[in-house]
Each structure stands twice: as structure tokens, then as C-alpha cells.
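Here is the file run_22.csv (CSV, C-alpha atoms).
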```csv
chain,number,residue,atom,x,y,z
A,1,MET,CA,-13.0,5.3,9.9
A,2,GLU,CA,-16.4,4.0,9.3
A,3,ALA,CA,-16.7,0.2,9.2
A,4,ARG,CA,-18.2,0.2,5.7
A,5,ILE,CA,-15.4,2.3,4.3
A,6,TRP,CA,-12.8,0.1,6.0
A,7,ASP,CA,-14.5,-3.1,4.7
A,8,GLY,CA,-14.5,-1.6,1.2
A,9,LEU,CA,-10.8,-0.8,1.3
A,10,VAL,CA,-10.0,-4.3,2.6
A,11,GLY,CA,-12.1,-5.7,-0.3
A,12,VAL,CA,-10.2,-3.5,-2.9
A,13,ALA,CA,-6.8,-4.6,-1.5
A,14,LYS,CA,-7.8,-8.3,-1.5
A,15,GLU,CA,-9.1,-8.0,-5.0
A,16,ALA,CA,-6.0,-6.3,-6.3
A,17,TYR,CA,-3.8,-8.7,-4.4
A,18,THR,CA,-5.7,-11.7,-5.8
A,19,ALA,CA,-5.5,-10.4,-9.3
A,20,SER,CA,-1.7,-9.9,-9.2
A,21,LEU,CA,-1.1,-13.4,-7.7
A,22,ALA,CA,-3.4,-15.0,-10.4
A,23,GLU,CA,-1.2,-13.3,-13.1
A,24,GLY,CA,1.9,-14.7,-11.5
A,25,ALA,CA,3.0,-11.2,-10.5
A,26,VAL,CA,4.3,-9.9,-7.1
A,27,PRO,CA,1.7,-7.6,-5.7
A,28,ARG,CA,3.1,-4.1,-5.2
A,29,PRO,CA,2.5,-2.1,-2.1
A,30,LEU,CA,-0.7,-0.1,-2.4
A,31,MET,CA,-1.5,3.3,-0.7
A,32,MET,CA,-5.1,4.4,-0.2
A,33,PRO,CA,-5.2,7.9,1.3
A,34,LEU,CA,-8.3,9.6,2.6
A,35,VAL,CA,-9.2,13.3,3.1
A,36,ARG,CA,-12.3,14.1,5.2
A,37,GLY,CA,-13.4,10.5,4.8
A,38,GLU,CA,-13.1,10.6,1.0
A,39,LEU,CA,-10.8,8.2,-0.8
A,40,VAL,CA,-8.2,10.2,-2.8
A,41,GLY,CA,-7.3,7.2,-5.0
A,42,LEU,CA,-5.1,4.1,-5.3
A,43,PHE,CA,-1.4,4.4,-5.6
A,44,TRP,CA,0.9,1.5,-6.4
A,45,VAL,CA,4.7,1.6,-5.8
A,46,ARG,CA,6.8,2.0,-8.9
A,47,ALA,CA,9.0,-0.9,-10.2
A,48,ILE,CA,11.7,-1.3,-7.6
A,49,LYS,CA,15.1,-3.0,-7.4
A,50,ALA,CA,16.0,-5.0,-4.3
A,51,GLY,CA,17.7,-3.2,-1.5
A,52,GLN,CA,17.8,0.6,-1.0
A,53,ASP,CA,15.7,1.4,-4.1
A,54,ALA,CA,12.9,-0.7,-2.7
A,55,LEU,CA,13.1,1.0,0.7
A,56,ALA,CA,13.0,4.4,-1.0
A,57,GLY,CA,10.3,3.5,-3.5
A,58,ILE,CA,7.9,2.3,-0.8
A,59,ALA,CA,8.6,5.3,1.5
A,60,GLU,CA,8.0,7.7,-1.4
A,61,LEU,CA,4.3,6.6,-1.4
A,62,ALA,CA,4.0,9.0,1.5
A,63,ASN,CA,4.6,12.0,-0.8
A,64,ILE,CA,1.0,11.7,-2.1
A,65,ASP,CA,-0.4,11.7,1.4
A,66,ALA,CA,1.7,14.7,2.5
A,67,ALA,CA,0.7,16.6,-0.7
A,68,ALA,CA,-3.0,15.9,-0.2
A,69,SER,CA,-2.8,16.7,3.6
A,70,VAL,CA,-4.5,13.4,4.4
A,71,ASP,CA,-6.4,12.6,7.5
A,72,GLU,CA,-6.1,8.9,7.2
A,73,ALA,CA,-3.8,6.6,5.2
A,74,VAL,CA,-4.2,2.9,4.4
A,75,LEU,CA,-1.2,1.0,3.2
A,76,ALA,CA,-1.4,-2.6,2.0
A,77,TRP,CA,1.6,-4.9,1.4
A,78,GLY,CA,2.6,-8.5,1.3
A,79,THR,CA,4.8,-9.8,4.2
A,80,HIS,CA,7.1,-11.9,2.0
A,81,ASP,CA,7.2,-9.5,-1.0
A,82,VAL,CA,8.3,-6.4,1.0
A,83,ALA,CA,10.8,-8.4,3.1
A,84,THR,CA,12.3,-9.8,0.0
A,85,ALA,CA,12.5,-6.5,-1.9
A,86,CYS,CA,13.9,-4.7,1.0
A,87,GLU,CA,16.3,-7.5,2.0
A,88,LEU,CA,14.7,-7.9,5.4
A,89,PRO,CA,14.0,-11.0,7.4
A,90,ILE,CA,10.6,-12.5,6.6
A,91,ALA,CA,8.3,-12.1,9.6
A,92,SER,CA,5.3,-14.2,10.5
A,93,PRO,CA,2.7,-14.6,9.3
A,94,ALA,CA,3.7,-15.3,5.7
A,95,PRO,CA,2.1,-15.4,3.3
A,96,CYS,CA,0.0,-12.5,4.5
A,97,LEU,CA,-1.7,-9.3,3.2
A,98,ASN,CA,-1.0,-6.6,5.8
A,99,MET,CA,-2.9,-3.4,6.0
A,100,VAL,CA,-2.2,-0.5,8.2
A,101,LEU,CA,-4.7,2.3,9.0
A,102,ALA,CA,-2.7,5.3,10.0
A,103,ILE,CA,-3.7,8.7,11.4
A,104,ARG,CA,-1.4,11.5,12.6
A,105,ASP,CA,-1.3,10.1,16.2
A,106,GLY,CA,-0.9,6.4,15.6
A,107,HIS,CA,-1.8,3.4,13.5
A,108,VAL,CA,-3.5,0.0,13.6
A,109,LEU,CA,-2.0,-3.0,11.9
A,110,HIS,CA,-4.4,-5.6,10.3
A,111,GLN,CA,-3.2,-8.9,9.0
A,112,PHE,CA,-4.9,-11.2,6.6
A,113,PRO,CA,-3.0,-14.5,6.3
A,114,TYR,CA,-3.7,-16.9,3.5
A,115,SER,CA,-2.4,-20.1,2.0
A,116,GLU,CA,-1.6,-20.4,-1.7
A,117,GLN,CA,-3.4,-22.6,-4.2
A,118,LEU,CA,-1.4,-23.3,-7.3
A,119,LEU,CA,-3.3,-22.3,-10.5
A,120,SER,CA,-0.6,-22.9,-13.1
A,121,ARG,CA,3.1,-22.7,-13.7
A,122,SER,CA,4.7,-21.0,-16.7
A,123,PRO,CA,7.5,-22.7,-18.7
A,124,LYS,CA,9.9,-20.4,-16.9
A,125,GLY,CA,8.7,-21.6,-13.5
A,126,TRP,CA,6.6,-18.6,-12.5
A,127,ALA,CA,3.6,-19.7,-10.4
A,128,SER,CA,0.1,-18.3,-10.7
A,129,VAL,CA,-1.6,-18.8,-7.4
A,130,ALA,CA,-4.9,-18.0,-5.7
A,131,PRO,CA,-5.0,-16.9,-2.0
A,132,ASP,CA,-7.2,-19.0,0.3
A,133,TRP,CA,-7.9,-16.4,2.9
A,134,ARG,CA,-7.6,-17.5,6.5
A,135,THR,CA,-9.1,-15.9,9.6
A,136,ALA,CA,-7.8,-12.4,10.0
A,137,ARG,CA,-5.6,-11.8,13.0
A,138,ALA,CA,-6.8,-9.5,15.8
A,139,SER,CA,-6.0,-5.8,14.9
A,140,GLN,CA,-2.9,-4.5,16.6
A,141,PRO,CA,-3.0,-0.8,17.7
A,142,ASP,CA,0.5,0.6,17.1
A,143,GLY,CA,1.6,-2.9,15.9
A,144,GLU,CA,5.2,-3.3,14.8
A,145,LEU,CA,5.8,-2.3,11.2
A,146,VAL,CA,8.8,-3.2,9.0
A,147,PRO,CA,11.1,-0.1,8.4
A,148,PRO,CA,9.9,0.9,4.9
A,149,ILE,CA,6.2,0.8,6.0
A,150,GLN,CA,7.0,2.6,9.2
A,151,ALA,CA,8.8,5.3,7.2
A,152,THR,CA,5.8,5.6,4.9
A,153,VAL,CA,3.4,6.0,7.8
A,154,ASN,CA,5.7,8.6,9.5
A,155,PHE,CA,6.2,10.7,6.3
A,156,SER,CA,2.5,10.5,5.3
A,157,PHE,CA,1.6,13.3,7.8
A,158,THR,CA,4.6,15.6,7.1
A,159,SER,CA,3.7,18.7,5.2
A,160,ILE,CA,5.2,19.2,1.8
A,161,GLU,CA,6.0,22.8,1.0
A,162,LEU,CA,6.0,23.3,-2.8
A,163,ASP,CA,6.0,26.8,-4.2
A,164,ARG,CA,3.4,25.8,-6.8
A,165,PRO,CA,-0.3,26.6,-7.2
A,166,ASP,CA,-1.3,22.9,-6.9
A,167,PRO,CA,1.1,20.9,-4.8
A,168,PHE,CA,-1.1,17.8,-5.0
A,169,GLY,CA,-1.4,17.9,-8.8
A,170,ILE,CA,2.4,18.5,-9.2
A,171,THR,CA,3.1,15.6,-6.8
A,172,VAL,CA,0.8,13.3,-8.8
A,173,LEU,CA,2.5,14.2,-12.1
A,174,LEU,CA,6.0,13.7,-10.6
A,175,MET,CA,5.1,10.4,-9.2
A,176,GLU,CA,3.5,9.2,-12.4
A,177,GLU,CA,6.7,10.3,-14.2
A,178,ASP,CA,8.7,8.2,-11.7
A,179,GLY,CA,6.6,5.1,-12.6
A,180,TYR,CA,4.0,5.0,-9.7
A,181,ARG,CA,0.7,3.7,-10.9
A,182,ILE,CA,-2.0,6.1,-9.9
A,183,SER,CA,-5.8,5.9,-10.1
A,184,LEU,CA,-7.5,9.0,-8.6
A,185,THR,CA,-11.1,9.1,-7.6
A,186,GLU,CA,-13.4,11.6,-9.4
A,187,ALA,CA,-13.4,14.0,-6.4
A,188,PHE,CA,-9.6,14.3,-6.7
A,189,THR,CA,-9.0,14.2,-10.4
A,190,ARG,CA,-7.4,17.4,-11.6
```
Any chance you could give the structure as C-alpha cells?
Amino acid sequence: MEARIWDGLVGVAKEAYTASLAEGAVPRPLMMPLVRGELVGLFWVRAIKAGQDALAGIAELANIDAAASVDEAVLAWGTHDVATACELPIASPAPCLNMVLAIRDGHVLHQFPYSEQLLSRSPKGWASVAPDWRTARASQPDGELVPPIQATVNFSFTSIELDRPDPFGITVLLMEEDGYRISLTEAFTR
């Protein structure tokens, strides 16, 4: 992946993450698939319940990659948020925005730790925070991924056989019906 494209995707992920935290919301995992160097769009996980539903909801992000026959997939998630939702131990660093760049033959894990600056607190106790981005950790080729993220990476490059004229379009519609937030780029709008 070209450095300018990667930098742009990191910027998009950080902006989306910052906006969610400022609203007092938990940032949802974000998938950014690419076909022949073109960004397909942005795909946020649906509302999930803690436990098995969270594991499934995150792994299902791979459906869009498989339907689009992606060359590269970038997945962004928060260490604490995914661990909590999936009932997994919280790994270090936390808090941290993680991004994995995956291709069929491997992946590279990138980590962007931050500290939180409190902006406000709601009457119900919800905190609105701003991330103070720290120095990014060194990229980790084939770095260890938590199970739902590893499953998503694995399934992203598995072909989906749908007996339909437009498997990608059908997959997008089905995922939207299931509650995934989808924003396609112009090149992939159907």
C-alpha cells in the first residue's frame, strides 16, 4: 500500500475515533477494504451485545471484503472496547487505536496509543473525552490479533459464492439491513 493512502486511512480512523470519543460513545470497529488500490468504503460494526454476539458482529465485517474480492483490508478497533465487548482480557497498550493492514498472505499490526483528556461528564456519568495521541508503536508484521479481529482478517479473503448477479451489492444490502453502517466511495456505489 502506498504511504499516502495508508496515511489517509490512519487519518480517517483517528478522526472517526476522536469524534466518537468526544460524543461519549464507544468507537465501533471500522473496516476499510481496498480493491486494486481503490477504497471501497467505510464499514462500521452493527450494534452488538457483549459476548458471542460481539464476536460474530465483528467477524461479519469480513463479508464485505469477501464479496468485493478485496486485495487489502484495513480494520481499526480500540483495545479496551473490543476486549470488553468480546469479554476478553484487556491487552496492552490501552487505551489504543489498533489498525491492521491485511493481505491474503499476512498482516501488519499498527498501534496508536493515547491518553484520555476529559472534556465533560453527563448527568448519567458518561464521559466525553479527547485522545491525546502518543508516539505510534513500531509496526508488527504478523502481530498477534485478538480472536474476533483474527477471524475477520482470515475470512476477508475467503470467496463468497452467491448465486446472484451482484454478490457485492446483495452483501451491502444485507449488511445494512443487519444494522452495519456503510459508506461506499463513488467508485463502488451501486
Which residue of A:Tyr180, A:Trp6, A:Phe188, A:Phe168 approaches Trp44 of chain A most closely, using all atoms listed in the file: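 Nearest to Trp44 of chain A: A:Tyr180.
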Axis-aligned box for segment 149-154 of chain A, 4 Å per side, centre and edges in Å as AutoDock Vina command-line options:
```
--center_x 6.1 --center_y 4.7 --center_z 7.2 --size_x 13.4 --size_y 15.8 --size_z 12.6
```
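Proximity to Ala25 of chain A at 9 Å, evaluated using only C-alpha atoms and with sequence-adjacent residues fewer than 3 positions away removed, yields Ala19, Ser20, Leu21, Ala22, Arg28, Trp126, Ala127 and Ser128 of chain A.
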Go ahead and compute the interatomic distance for atom CA of Leu109 of chain A and atom CA of Ile64 of chain A, in Å to one decimal.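 That distance, rounded to one decimal, is 20.5 Å.
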Computed interatomic separation between atom CA of Glu87 of chain A and atom CA of Gly125 of chain A (Å):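 Here the two named atoms are 22.3 Å from each other.
The residue set within 9 Å of segment 34-39 of chain A, counting all atoms listed in the file and dropping same-chain residues fewer than 5 places from it, reads Met1, Glu2, Ile5, Asp65, Ala68, Ser69, Val70, Asp71, Glu72, Ala73, Val74, Leu184, Thr185, Ala187 and Phe188 of chain A.
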Restricting the calculation to only C-alpha atoms, which member of A:Ala16, A:Leu9, A:Ala83, A:Ala102 is positioned closest to Leu55 of chain A? A:Ala83
Name the closest residue to Pro93 of chain A among the candidates A:Arg181, A:His107, A:Arg121, A:Arg134; distances are taken between atoms, counting only C-alpha atoms.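 Counting only C-alpha atoms, the residue closest to Pro93 of chain A is A:Arg134.
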Spatial neighbours of Thr152 of chain A, 10 Å, only C-alpha atoms, chain gap at least 3 places, as a VMD selection string: chain A and resid 31 55 to 63 65 73 75 102 147 to 149 155 to 157
Can you tell me, as an mmCIF file with C-alpha atoms, in the coordinates of the input, what residues are no more than 10 Å from Pro131 of chain A when counting all atoms listed in the file, ignoring any on the same chain fewer than 4 positions away?
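Output (result25.cif):
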```
data_model
loop_
_atom_site.group_PDB
_atom_site.id
_atom_site.type_symbol
_atom_site.label_atom_id
_atom_site.label_comp_id
_atom_site.auth_asym_id
_atom_site.auth_seq_id
_atom_site.Cartn_x
_atom_site.Cartn_y
_atom_site.Cartn_z
ATOM 1 C CA LYS A 14 -7.800 -8.300 -1.500
ATOM 2 C CA TYR A 17 -3.800 -8.700 -4.400
ATOM 3 C CA THR A 18 -5.700 -11.700 -5.800
ATOM 4 C CA ALA A 19 -5.500 -10.400 -9.300
ATOM 5 C CA LEU A 21 -1.100 -13.400 -7.700
ATOM 6 C CA ALA A 22 -3.400 -15.000 -10.400
ATOM 7 C CA PRO A 95 2.100 -15.400 3.300
ATOM 8 C CA CYS A 96 0.000 -12.500 4.500
ATOM 9 C CA LEU A 97 -1.700 -9.300 3.200
ATOM 10 C CA PRO A 113 -3.000 -14.500 6.300
ATOM 11 C CA TYR A 114 -3.700 -16.900 3.500
ATOM 12 C CA SER A 115 -2.400 -20.100 2.000
ATOM 13 C CA GLU A 116 -1.600 -20.400 -1.700
ATOM 14 C CA GLN A 117 -3.400 -22.600 -4.200
ATOM 15 C CA LEU A 118 -1.400 -23.300 -7.300
#
```
Quick one, how far is atom CA of His80 of chain A from atom CA of Val146 of chain A?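 Between these atoms lies a distance of 11.3 Å.
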Considering only C-alpha atoms, state which residue in the set A:Thr171, A:Gly106, A:Gly179, A:Asp163 is at the smallest distance from Glu144 of chain A. A:Gly106
